[in-house]
file model20.txt (compact mmCIF, C-alpha atoms and all ligand atoms)
# COMPACT_ATOMS: atom_id res chain seq x y z
CA MET T 1 -9.89 74.69 71.65
CA ASN T 2 -9.43 71.05 70.68
CA VAL T 3 -11.13 68.29 72.64
CA TYR T 4 -7.78 66.98 73.86
CA GLU T 5 -6.58 70.48 74.79
CA LYS T 6 -9.67 70.86 76.95
CA LEU T 7 -8.69 67.67 78.77
CA LEU T 8 -5.27 69.09 79.64
CA ARG T 9 -6.78 72.38 80.79
CA ASP T 10 -9.37 70.63 82.94
CA ASN T 11 -6.72 68.34 84.38
CA LYS T 12 -4.86 71.38 85.74
CA ALA T 13 -8.06 72.76 87.24
CA TRP T 14 -8.85 69.39 88.82
CA ALA T 15 -5.37 69.00 90.33
CA ALA T 16 -5.54 72.52 91.77
CA ALA T 17 -9.00 71.87 93.25
CA GLN T 18 -7.82 68.64 94.85
CA ILE T 19 -4.89 70.39 96.52
CA GLN T 20 -7.14 73.16 97.74
CA LYS T 21 -9.50 70.62 99.34
CA ASP T 22 -6.72 68.45 100.74
CA PRO T 23 -3.09 69.67 100.51
CA GLU T 24 -1.68 66.16 101.12
CA TYR T 25 -3.94 64.45 98.57
CA PHE T 26 -1.32 63.62 95.96
CA GLU T 27 1.49 63.06 98.43
CA ARG T 28 -0.59 60.35 100.11
CA LEU T 29 -1.47 58.60 96.85
CA VAL T 30 2.14 58.59 95.67
CA HIS T 31 3.08 56.34 98.57
CA LEU T 32 0.05 54.11 98.64
CA GLN T 33 -1.71 51.79 96.28
CA ALA T 34 -3.75 49.35 98.33
CA PRO T 35 -7.07 48.83 96.57
CA GLU T 36 -9.22 46.01 97.91
CA ILE T 37 -11.16 45.63 94.70
CA LEU T 38 -10.37 44.62 91.14
CA TRP T 39 -12.97 45.90 88.70
CA ILE T 40 -13.42 44.28 85.29
CA GLY T 41 -15.81 46.48 83.37
CA CYS T 42 -16.87 47.47 79.87
CA SER T 43 -14.86 50.07 77.94
CA ASP T 44 -18.10 51.98 77.29
CA SER T 45 -17.50 55.66 78.12
CA ARG T 46 -20.73 55.79 80.15
CA VAL T 47 -19.58 53.24 82.71
CA PRO T 48 -16.56 54.72 84.52
CA ALA T 49 -15.76 52.54 87.55
CA ASN T 50 -14.91 55.29 90.03
CA GLN T 51 -17.73 57.70 89.24
CA ILE T 52 -20.55 55.16 89.33
CA THR T 53 -19.36 53.68 92.62
CA GLY T 54 -18.47 56.97 94.27
CA THR T 55 -14.91 55.81 94.85
CA GLU T 56 -11.68 57.79 94.78
CA PRO T 57 -8.36 57.17 93.04
CA GLY T 58 -6.53 54.46 94.96
CA GLU T 59 -9.65 52.46 95.84
CA ILE T 60 -10.27 50.30 92.78
CA PHE T 61 -7.84 48.55 90.43
CA VAL T 62 -9.43 48.65 87.00
CA HIS T 63 -9.41 46.63 83.79
CA ARG T 64 -11.87 47.40 81.02
CA ASN T 65 -12.53 45.86 77.63
CA VAL T 66 -15.42 45.59 75.19
CA ALA T 67 -18.31 43.79 76.96
CA ASN T 68 -16.26 43.04 80.11
CA LEU T 69 -14.97 39.64 78.98
CA VAL T 70 -12.68 37.27 80.84
CA VAL T 71 -10.95 35.36 78.06
CA ASN T 72 -8.47 32.67 79.04
CA THR T 73 -5.97 33.63 76.33
CA ASP T 74 -6.10 37.37 77.05
CA VAL T 75 -2.63 38.09 78.43
CA ASN T 76 -3.61 41.66 79.25
CA LEU T 77 -6.52 40.65 81.47
CA LEU T 78 -4.61 37.76 83.05
CA ALA T 79 -1.66 40.00 83.91
CA VAL T 80 -4.03 42.49 85.56
CA LEU T 81 -5.77 39.66 87.43
CA ASP T 82 -2.51 38.09 88.59
CA PHE T 83 -1.09 41.41 89.74
CA ALA T 84 -4.27 42.40 91.57
CA VAL T 85 -4.79 39.03 93.24
CA THR T 86 -1.20 37.96 93.95
CA TYR T 87 0.50 41.28 94.70
CA LEU T 88 -2.18 43.83 95.59
CA LYS T 89 -4.05 41.07 97.44
CA VAL T 90 -7.50 42.32 96.52
CA LYS T 91 -10.41 40.88 98.50
CA HIS T 92 -13.03 41.19 95.78
CA VAL T 93 -13.13 40.91 92.00
CA ILE T 94 -16.14 42.51 90.36
CA VAL T 95 -17.19 41.91 86.78
CA CYS T 96 -19.56 44.74 85.91
CA GLY T 97 -21.54 44.74 82.69
CA HIS T 98 -24.27 47.16 81.70
CA TYR T 99 -27.67 47.01 80.05
CA GLY T 100 -27.63 48.44 76.53
CA CYS T 101 -24.07 47.17 75.96
CA GLY T 102 -23.07 47.70 72.30
CA GLY T 103 -20.77 44.68 72.35
CA ILE T 104 -23.58 42.42 73.52
CA LYS T 105 -26.00 43.82 70.94
CA ALA T 106 -23.43 43.39 68.16
CA ALA T 107 -22.71 39.79 69.14
CA ALA T 108 -26.43 38.99 69.08
CA THR T 109 -26.63 39.84 65.36
CA ASN T 110 -25.23 38.03 62.32
CA ILE T 111 -23.48 41.11 61.02
CA ASP T 112 -19.85 40.65 59.99
CA HIS T 113 -17.91 43.13 62.13
CA LYS T 114 -14.64 42.09 60.43
CA PRO T 115 -11.91 39.84 61.82
CA VAL T 116 -10.79 41.38 65.09
CA LEU T 117 -14.21 42.34 66.44
CA ASN T 118 -15.65 39.04 65.24
CA MET T 119 -12.95 37.22 67.20
CA TRP T 120 -13.73 39.14 70.37
CA LEU T 121 -17.52 38.98 70.07
CA ARG T 122 -17.39 35.25 69.36
CA ASN T 123 -16.93 34.78 73.11
CA ILE T 124 -20.39 36.28 73.64
CA LYS T 125 -21.92 34.05 70.99
CA ASP T 126 -20.58 31.09 72.99
CA VAL T 127 -22.49 32.41 76.03
CA MET T 128 -25.61 32.63 73.84
CA ARG T 129 -25.20 29.04 72.72
CA HIS T 130 -24.77 27.90 76.32
CA TYR T 131 -28.06 29.57 77.34
CA ARG T 132 -29.85 29.18 74.02
CA ARG T 133 -33.06 27.69 75.45
CA GLU T 134 -33.54 30.40 78.06
CA LEU T 135 -32.76 33.19 75.61
CA GLU T 136 -35.00 31.80 72.85
CA ASN T 137 -37.93 31.90 75.26
CA ILE T 138 -37.67 35.69 75.56
CA PRO T 139 -39.56 37.09 72.55
CA ASP T 140 -38.72 40.77 73.07
CA GLU T 141 -35.30 41.62 71.63
CA GLY T 142 -34.50 44.27 74.23
CA GLU T 143 -35.39 41.99 77.12
CA ARG T 144 -33.43 39.16 75.53
CA ASN T 145 -30.32 41.33 75.22
CA ASP T 146 -30.74 42.51 78.83
CA ARG T 147 -30.80 38.89 79.97
CA LEU T 148 -27.77 38.15 77.80
CA VAL T 149 -25.92 41.00 79.54
CA GLU T 150 -26.64 39.29 82.89
CA LEU T 151 -25.71 35.81 81.64
CA ASN T 152 -22.53 37.18 80.10
CA VAL T 153 -21.47 38.67 83.45
CA GLN T 154 -22.25 35.36 85.12
CA GLU T 155 -20.11 33.42 82.63
CA GLN T 156 -17.22 35.85 82.97
CA VAL T 157 -17.28 35.44 86.75
CA TYR T 158 -17.23 31.69 86.19
CA ASN T 159 -14.30 32.14 83.81
CA LEU T 160 -12.40 33.83 86.64
CA ALA T 161 -13.00 30.81 88.86
CA LYS T 162 -11.56 28.57 86.14
CA THR T 163 -8.14 30.23 86.39
CA THR T 164 -5.35 28.86 88.58
CA ILE T 165 -4.78 32.45 89.75
CA ILE T 166 -8.15 32.42 91.53
CA GLN T 167 -8.11 28.75 92.49
CA ARG T 168 -4.68 29.02 94.13
CA CYS T 169 -5.69 32.12 96.07
CA TRP T 170 -8.97 30.56 97.21
CA LEU T 171 -7.08 27.56 98.52
CA ARG T 172 -4.21 29.37 100.20
CA GLU T 173 -5.63 32.70 101.30
CA GLN T 174 -9.42 32.35 101.31
CA ARG T 175 -9.95 35.29 99.01
CA PRO T 176 -11.10 36.93 96.74
CA ASP T 177 -14.87 36.75 96.45
CA LEU T 178 -16.12 37.09 92.89
CA HIS T 179 -19.10 39.28 92.04
CA GLY T 180 -21.15 39.76 88.87
CA TRP T 181 -22.94 43.10 88.60
CA VAL T 182 -24.95 44.90 85.93
CA TYR T 183 -25.19 48.68 85.72
CA ARG T 184 -28.36 50.32 84.40
CA LEU T 185 -27.64 53.35 82.21
CA ARG T 186 -31.22 54.57 82.68
CA ASP T 187 -30.97 55.31 86.40
CA GLY T 188 -27.34 54.63 87.35
CA ILE T 189 -28.21 51.74 89.65
CA ILE T 190 -26.07 48.60 89.86
CA LYS T 191 -27.83 45.24 90.19
CA PRO T 192 -25.88 42.30 91.63
CA VAL T 193 -26.72 39.25 89.50
CA PHE T 194 -24.23 36.53 90.39
CA GLU T 195 -21.76 35.68 93.11
CA MET T 196 -19.03 33.11 93.68
CA ASN T 197 -17.63 33.37 97.16
CA VAL T 198 -14.36 31.73 98.16
CA GLY T 199 -14.54 27.97 97.74
CA THR T 200 -17.72 27.86 95.64
CA PRO T 201 -17.66 24.42 93.99
CA ILE T 202 -16.93 24.51 90.27
CA ASP T 203 -17.22 21.85 87.60
CA PRO T 204 -14.42 19.33 88.35
CA LEU T 205 -13.39 19.59 84.72
CA TYR T 206 -11.91 23.00 85.47
CA LYS T 207 -10.34 22.23 88.85
CA TYR T 208 -6.56 22.02 89.11
CA GLU T 209 -4.66 19.85 91.57
CA LYS T 210 -1.56 20.58 93.66
CA LEU T 211 -1.90 24.34 93.38
ZN ZN Q 1 -20.62 47.74 76.96
call {"tool": "encode", "arguments": {"input": "model20.txt", "output": "structure tokens"}}
result
Amino acid sequence: MNVYEKLLRDNKAWAAAQIQKDPEYFERLVHLQAPEILWIGCSDSRVPANQITGTEPGEIFVHRNVANLVVNTDVNLLAVLDFAVTYLKVKHVIVCGHYGCGGIKAAATNIDHKPVLNMWLRNIKDVMRHYRRELENIPDEGERNDRLVELNVQEQVYNLAKTTIIQRCWLREQRPDLHGWVYRLRDGIIKPVFEMNVGTPIDPLYKYEKL
């Protein structure tokens, strides 16, 4: 059996098991999508949002990309953010990175990963430049990359706060709080590393008027 055929077979088994546990399971979900959380995570197959947080379908709205970046020209991410914040009215946005992130490790080298990946990873190099002094003081490469994972999450949370989507919602509806988390592959534990609650002051350079 092919890998993809196994997925289809297991899907049937899963659906049947869900109905056995709770006959109205699917019927309820059809009529309701009211997640309170938007999750922006890494595409890494070892960091699935629902499993690692013990949540069920319907509880978390999810966007994932390589190294959990919030890029201000990324229409995909911005559409997800706008929909989650403006229409689903989420109360929290979580950016969750993970130690041992391949995207972070790749960005920390000088290897040419060819145009498209170089473009994407460049955003992480900008984080490195911003925190160059702190990072250069960490001699161990593994520890340095771990710290870069944390700083990257912090910067992506800050990038969220730079958007008018978040600024308008903070002003008018006093939500959502922004959280930066890092997941440890080694033991499955999530460490909160950065937080920007509603109204946290940001550099005036990025503040918009008359929202
Ligand atoms: Zn990753």
call {"tool": "residues_near_ligand", "arguments": {"input": "model20.txt", "ligand": "ligand ZN 1 (chain Q)", "cutoff": "8 Å", "atoms": "all atoms listed in the file", "output": "list in words"}}
result
Cys42, Ser43, Asp44, Val66, Ala67, Asn68, Gly97, His98, Tyr99, Gly100, Cys101, Gly102, Gly103 and Ile104 of chain T
call {"tool": "atom_distance", "arguments": {"input": "model20.txt", "atom1": "CA of Val90 in chain T", "atom2": "CA of Thr73 in chain T"}}
result
22.0 Å
call {"tool": "closest_residue", "arguments": {"input": "model20.txt", "among": "T:Ala49, T:Val95, T:Val3, T:Ile138", "to": "Gln156 in chain T", "atoms": "all atoms listed in the file"}}
result
T:Val95
call {"tool": "atom_distance", "arguments": {"input": "model20.txt", "atom1": "CA of Ile60 in chain T", "atom2": "CA of Glu36 in chain T"}}
result
6.8 Å
call {"tool": "atom_distance", "arguments": {"input": "model20.txt", "atom1": "CA of Ala15 in chain T", "atom2": "CA of Leu38 in chain T"}}
result
24.9 Å
call {"tool": "axis_aligned_box", "arguments": {"input": "model20.txt", "around": "range 67-71 of chain T", "padding_each_side": "5 Å", "output": "JSON"}}
result
{"center_x": -14.6, "center_y": 39.6, "center_z": 78.9, "size_x": 17.4, "size_y": 18.4, "size_z": 13.9}
call {"tool": "residues_around", "arguments": {"input": "model20.txt", "residues": "Ile124 in chain T", "least_positions_apart": "5", "cutoff": "10 Å", "atoms": "all atoms listed in the file", "output": "PyMOL selection string"}}
result
chain T and resi 67+69+103-108+119+129-130+148-149+151-152+155-156
call {"tool": "residues_around", "arguments": {"input": "model20.txt", "residues": "Gly180 in chain T", "least_positions_apart": "5", "cutoff": "9 Å", "atoms": "only C-alpha atoms", "output": "VMD selection string"}}
result
chain T and resid 93 to 97 150 153 to 157 191 to 196
call {"tool": "residues_around", "arguments": {"input": "model20.txt", "residues": "Pro35 in chain T", "least_positions_apart": "6", "cutoff": "9 Å", "atoms": "all atoms listed in the file", "output": "list in words"}}
result
Gly58, Glu59, Ile60, Phe61, Ala84, Leu88, Lys89, Val90 and Lys91 of chain T
call {"tool": "closest_residue", "arguments": {"input": "model20.txt", "among": "T:Val71, T:Leu160, T:Ala17, T:Lys6", "to": "Leu121 in chain T", "atoms": "all atoms listed in the file"}}
result
T:Val71
call {"tool": "closest_residue", "arguments": {"input": "model20.txt", "among": "T:Asp177, T:Asp22, T:Glu209, T:Asp146", "to": "His92 in chain T", "atoms": "all atoms listed in the file"}}
result
T:Asp177
call {"tool": "residues_around", "arguments": {"input": "model20.txt", "residues": "range 162-166 of chain T", "least_positions_apart": "2", "cutoff": "9 Å", "atoms": "all atoms listed in the file", "output": "MDAnalysis selection string"}}
result
chainID T and resid 72 78 81:82 85:86 157:160 168:171 175:176 202:203 206:208 211
call {"tool": "closest_residue", "arguments": {"input": "model20.txt", "among": "T:Glu56, T:Asp10, T:Glu143, T:Glu5", "to": "Leu29 in chain T", "atoms": "all atoms listed in the file"}}
result
T:Glu56
call {"tool": "residues_around", "arguments": {"input": "model20.txt", "residues": "Leu135 in chain T", "least_positions_apart": "4", "cutoff": "8 Å", "atoms": "only C-alpha atoms", "output": "JSON, numbers by chain"}}
result
{"T": [128, 131, 144, 147, 148]}
call {"tool": "decode", "arguments": {"input": "model20.txt", "residues": "range 148-161 of chain T", "atoms": "all heavy atoms", "output": "CSV table (one decimal), in the first residue's frame"}}
result
chain,number,residue,atom,x,y,z
T,148,LEU,N,18.4,32.0,18.7
T,148,LEU,CA,17.9,32.6,17.5
T,148,LEU,C,16.5,32.2,17.3
T,148,LEU,O,15.6,33.0,16.8
T,148,LEU,CB,18.8,32.3,16.3
T,148,LEU,CG,18.3,32.8,14.9
T,148,LEU,CD1,18.2,34.3,14.9
T,148,LEU,CD2,19.3,32.4,13.8
T,149,VAL,N,16.1,31.0,17.6
T,149,VAL,CA,14.8,30.5,17.5
T,149,VAL,C,13.9,31.4,18.4
T,149,VAL,O,12.8,31.8,17.9
T,149,VAL,CB,14.6,29.0,17.9
T,149,VAL,CG1,13.2,28.6,18.2
T,149,VAL,CG2,15.3,28.1,16.9
T,150,GLU,N,14.3,31.7,19.6
T,150,GLU,CA,13.5,32.5,20.5
T,150,GLU,C,13.4,33.9,20.0
T,150,GLU,O,12.3,34.5,20.0
T,150,GLU,CB,14.2,32.5,21.9
T,150,GLU,CG,14.1,31.1,22.6
T,150,GLU,CD,14.9,31.1,23.9
T,150,GLU,OE1,15.5,32.1,24.3
T,150,GLU,OE2,14.9,30.0,24.5
T,151,LEU,N,14.5,34.5,19.6
T,151,LEU,CA,14.5,35.9,19.1
T,151,LEU,C,13.7,36.0,17.8
T,151,LEU,O,13.0,37.0,17.6
T,151,LEU,CB,15.9,36.4,18.8
T,151,LEU,CG,16.8,36.5,20.1
T,151,LEU,CD1,18.3,36.7,19.7
T,151,LEU,CD2,16.3,37.7,20.9
T,152,ASN,N,13.7,35.0,17.0
T,152,ASN,CA,12.9,35.0,15.8
T,152,ASN,C,11.4,35.0,16.1
T,152,ASN,O,10.6,35.8,15.6
T,152,ASN,CB,13.2,33.7,14.9
T,152,ASN,CG,12.4,33.7,13.7
T,152,ASN,OD1,12.4,34.6,12.9
T,152,ASN,ND2,11.6,32.6,13.5
T,153,VAL,N,11.0,34.2,17.1
T,153,VAL,CA,9.6,34.2,17.5
T,153,VAL,C,9.2,35.6,18.0
T,153,VAL,O,8.2,36.2,17.7
T,153,VAL,CB,9.4,33.1,18.6
T,153,VAL,CG1,8.2,33.5,19.5
T,153,VAL,CG2,9.2,31.8,18.0
T,154,GLN,N,10.1,36.2,18.8
T,154,GLN,CA,9.9,37.5,19.4
T,154,GLN,C,9.7,38.6,18.3
T,154,GLN,O,8.8,39.4,18.3
T,154,GLN,CB,11.1,37.9,20.3
T,154,GLN,CG,11.0,39.3,20.9
T,154,GLN,CD,12.1,39.5,21.9
T,154,GLN,OE1,12.6,38.6,22.6
T,154,GLN,NE2,12.7,40.7,21.9
T,155,GLU,N,10.5,38.5,17.3
T,155,GLU,CA,10.4,39.5,16.2
T,155,GLU,C,9.2,39.3,15.3
T,155,GLU,O,8.6,40.2,14.9
T,155,GLU,CB,11.7,39.4,15.2
T,155,GLU,CG,12.9,40.1,15.8
T,155,GLU,CD,12.6,41.6,16.1
T,155,GLU,OE1,12.3,42.3,15.2
T,155,GLU,OE2,12.8,41.9,17.3
T,156,GLN,N,8.8,38.0,15.2
T,156,GLN,CA,7.5,37.8,14.4
T,156,GLN,C,6.3,38.2,15.2
T,156,GLN,O,5.4,38.7,14.6
T,156,GLN,CB,7.4,36.3,14.1
T,156,GLN,CG,8.6,35.7,13.3
T,156,GLN,CD,9.2,36.6,12.3
T,156,GLN,OE1,8.5,37.2,11.5
T,156,GLN,NE2,10.5,36.7,12.2
T,157,VAL,N,6.3,38.1,16.5
T,157,VAL,CA,5.2,38.7,17.3
T,157,VAL,C,5.2,40.2,17.1
T,157,VAL,O,4.2,40.8,16.9
T,157,VAL,CB,5.4,38.3,18.8
T,157,VAL,CG1,4.4,39.1,19.7
T,157,VAL,CG2,5.1,36.8,19.0
T,158,TYR,N,6.4,40.8,17.2
T,158,TYR,CA,6.5,42.2,17.0
T,158,TYR,C,6.0,42.6,15.6
T,158,TYR,O,5.3,43.6,15.4
T,158,TYR,CB,7.9,42.7,17.2
T,158,TYR,CG,8.0,44.2,17.6
T,158,TYR,CD1,8.0,44.5,18.9
T,158,TYR,CD2,8.1,45.2,16.6
T,158,TYR,CE1,8.1,45.8,19.3
T,158,TYR,CE2,8.1,46.5,17.0
T,158,TYR,CZ,8.2,46.8,18.4
T,158,TYR,OH,8.2,48.1,18.7
T,159,ASN,N,6.3,41.8,14.6
T,159,ASN,CA,5.8,42.1,13.2
T,159,ASN,C,4.3,42.1,13.2
T,159,ASN,O,3.7,42.8,12.4
T,159,ASN,CB,6.4,41.0,12.2
T,159,ASN,CG,7.8,41.3,11.9
T,159,ASN,OD1,8.3,42.4,12.2
T,159,ASN,ND2,8.5,40.3,11.3
T,160,LEU,N,3.7,41.2,14.0
T,160,LEU,CA,2.2,41.2,14.0
T,160,LEU,C,1.7,42.6,14.5
T,160,LEU,O,0.7,43.1,14.0
T,160,LEU,CB,1.7,40.1,15.0
T,160,LEU,CG,1.8,38.7,14.5
T,160,LEU,CD1,1.4,37.7,15.6
T,160,LEU,CD2,0.9,38.4,13.3
T,161,ALA,N,2.3,43.1,15.6
T,161,ALA,CA,1.9,44.3,16.2
T,161,ALA,C,2.1,45.5,15.2
T,161,ALA,O,1.5,46.6,15.4
T,161,ALA,CB,2.7,44.6,17.5
